[in-house]
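**Student:** Pasting a structure here, questions to come.
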Amino acid sequence: MARITASVYTSHVPAIGAAIDLGKTQEPYWQPLFKGYEFSKQWMKDNKPDVIFLVYNDHATAFSLDMIPTFAIGTAAEFTPADEGFGPRPVPTRTWPATSPTR
Amino acid sequence: MALDKPYQDIPGTIIFDADQSRKGYHLNQFCMSLMKAENRERFKLDQRAYLNEWPMSEEQKQAVLTMDLNRAMALGGNIYFLAKIGATHGLSFQQMAGSMTGMSEEEYRAMMLAGGRSIEGNRHLGEDGSAQPQHQPQGQAGRKGN
């Protein structure tokens, strides 16, 4: 039986991602916010789950007004970062194989 | 019969409801097209020509050309979509949000650092808070007008 081990949240304003990409995390304006992530980052390292359900809202990235479902479940092995107009964010991408990874 | 929309009483914003969505459909779809780098290039090369490819109203096109995001929202735009125009021009979201208030980027940041806009006086139209129509534009732009 699966057990829910934790529920972790963050604010999601687009400017946070931009601040990381532009190397602004240590600027006085941003520092308090990013300092707040330190505890969570460490906690998540120490408490790694087997599976993560990532829930987020779609900032008009995957869906346009053609079709906006109230809820959608992504089931692909990989999702590429959206290009919201600045170019896709340089976040790590990784395909998870269905079987155990071999090196 | 027209729907009763008590939320139109909120100062400083336009609620994106079904009517706004219908009005802004092509404007917002145009914005989505800017998620492709080649479309951004074409748009920047000749904004008017690119806009003319979309069945948008002339008012909507003008709002885009002048980067008047408030106007674009009044004409059915949704900020999640409109943000792509700003991104195309290399503006940060903070700069875009600031531009909608009349505040400079610094003024807007300072307000956010101080906990954001106060709800006091901004719950309903007719009060005296900073988001009320009689106090627009705010910040730098407002002072210039005085």
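Quick note on naming: the chains in the structure tokens go A, B, ... in the order shown, residues restart at 1 in each chain, and ligands are numbered from 1 in order of appearance.
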Could you produce a table of the residues of chain B lying within 7 Å of chain A, with the nearest pair of atoms per residue and their separation in Å rounded to one decimal, using only C-alpha atoms, ordered by chain and increasing residue number, as a tab-separated table?
**Tutor:**
```
residue	atom	partner	partner_atom	distance
B:Tyr25	CA	A:Leu65	CA	6.8
B:Gln29	CA	A:Leu65	CA	6.8
B:Met32	CA	A:Ser64	CA	6.6
B:Leu34	CA	A:Gly85	CA	6.2
B:Met35	CA	A:Gly85	CA	5.2
B:Tyr80	CA	A:His59	CA	5.5
B:Phe81	CA	A:Ala60	CA	6.0
B:Lys84	CA	A:Gly85	CA	5.1
B:Ala87	CA	A:Gly85	CA	4.8
B:Thr88	CA	A:Gly85	CA	5.3
B:Phe93	CA	A:Ala15	CA	6.4
```
**Student:** Keeping only C-alpha atoms, write those residues as a PDB file, in the first residue's frame.
**Tutor:**
```
ATOM      1  CA  TYR B  25     -10.006  34.457 -28.423  1.00  0.00           C
ATOM      2  CA  GLN B  29      -4.279  32.739 -29.787  1.00  0.00           C
ATOM      3  CA  MET B  32       0.242  31.689 -28.070  1.00  0.00           C
ATOM      4  CA  LEU B  34       4.671  33.748 -29.999  1.00  0.00           C
ATOM      5  CA  MET B  35       5.778  30.596 -28.208  1.00  0.00           C
ATOM      6  CA  TYR B  80      -1.006  34.456 -19.046  1.00  0.00           C
ATOM      7  CA  PHE B  81      -1.242  34.847 -22.797  1.00  0.00           C
ATOM      8  CA  LYS B  84       4.223  36.249 -24.234  1.00  0.00           C
ATOM      9  CA  ALA B  87       8.639  38.199 -23.367  1.00  0.00           C
ATOM     10  CA  THR B  88       8.985  38.652 -27.115  1.00  0.00           C
ATOM     11  CA  PHE B  93       7.121  39.900 -16.022  1.00  0.00           C
TER      12      PHE B  93
END
```
**Student:** So that I can check the secondary structure, give me every residue of segment 22-82 of chain A assigned alpha helix (DSSP H) by backbone DSSP, as an MDAnalysis selection string.
**Tutor:** chainID A and resid 31:46
**Student:** Which distance in Å separates atom CA of Gln132 of chain B and atom CA of Asn70 of chain B, to one decimal?
**Tutor:**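 Result for atom CA of Gln132 of chain B versus atom CA of Asn70 of chain B: 13.9 Å, one decimal.
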**Student:** Find, counting only C-alpha atoms, the residue in B:Leu3, B:Leu75, B:Met67, B:Cys31 that gets nearest to Ala97 of chain B.
**Tutor:**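 Among the listed residues, B:Met67 lies closest to Ala97 of chain B.
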**Student:** Considering only C-alpha atoms, state which residue in the set A:Arg94, A:Lys48, A:Arg89, A:Lys35 is at the smallest distance from Gly17 of chain A.
**Tutor:**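 Residue with the minimum atom-to-atom distance to Gly17 of chain A: A:Arg89.
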**Student:** May I ask which of the residues B:Gly12, B:Gly115, B:Gly126, B:Gly98 is the closest one to Met73 of chain B, counting only C-alpha atoms?
**Tutor:**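 Looking only at the distances to Met73 of chain B, the closest residue turns out to be B:Gly12.
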**Student:** Can you pull out every residue within 12 Å of Gln140 of chain B, counting only C-alpha atoms, but drop anything in the same chain fewer than 3 positions away, and send it as JSON, numbers by chain?
**Tutor:** {"B": [98, 99, 101, 102, 103, 104, 105, 106, 107, 108, 136, 137, 143, 144, 145, 146]}
**Student:** Measuring between only C-alpha atoms, which one of B:Gln94, B:Thr13, B:Gln62, B:Ser33 shows the shortest distance to Arg123 of chain B?
**Tutor:**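 Counting only C-alpha atoms, the residue closest to Arg123 of chain B is B:Thr13.
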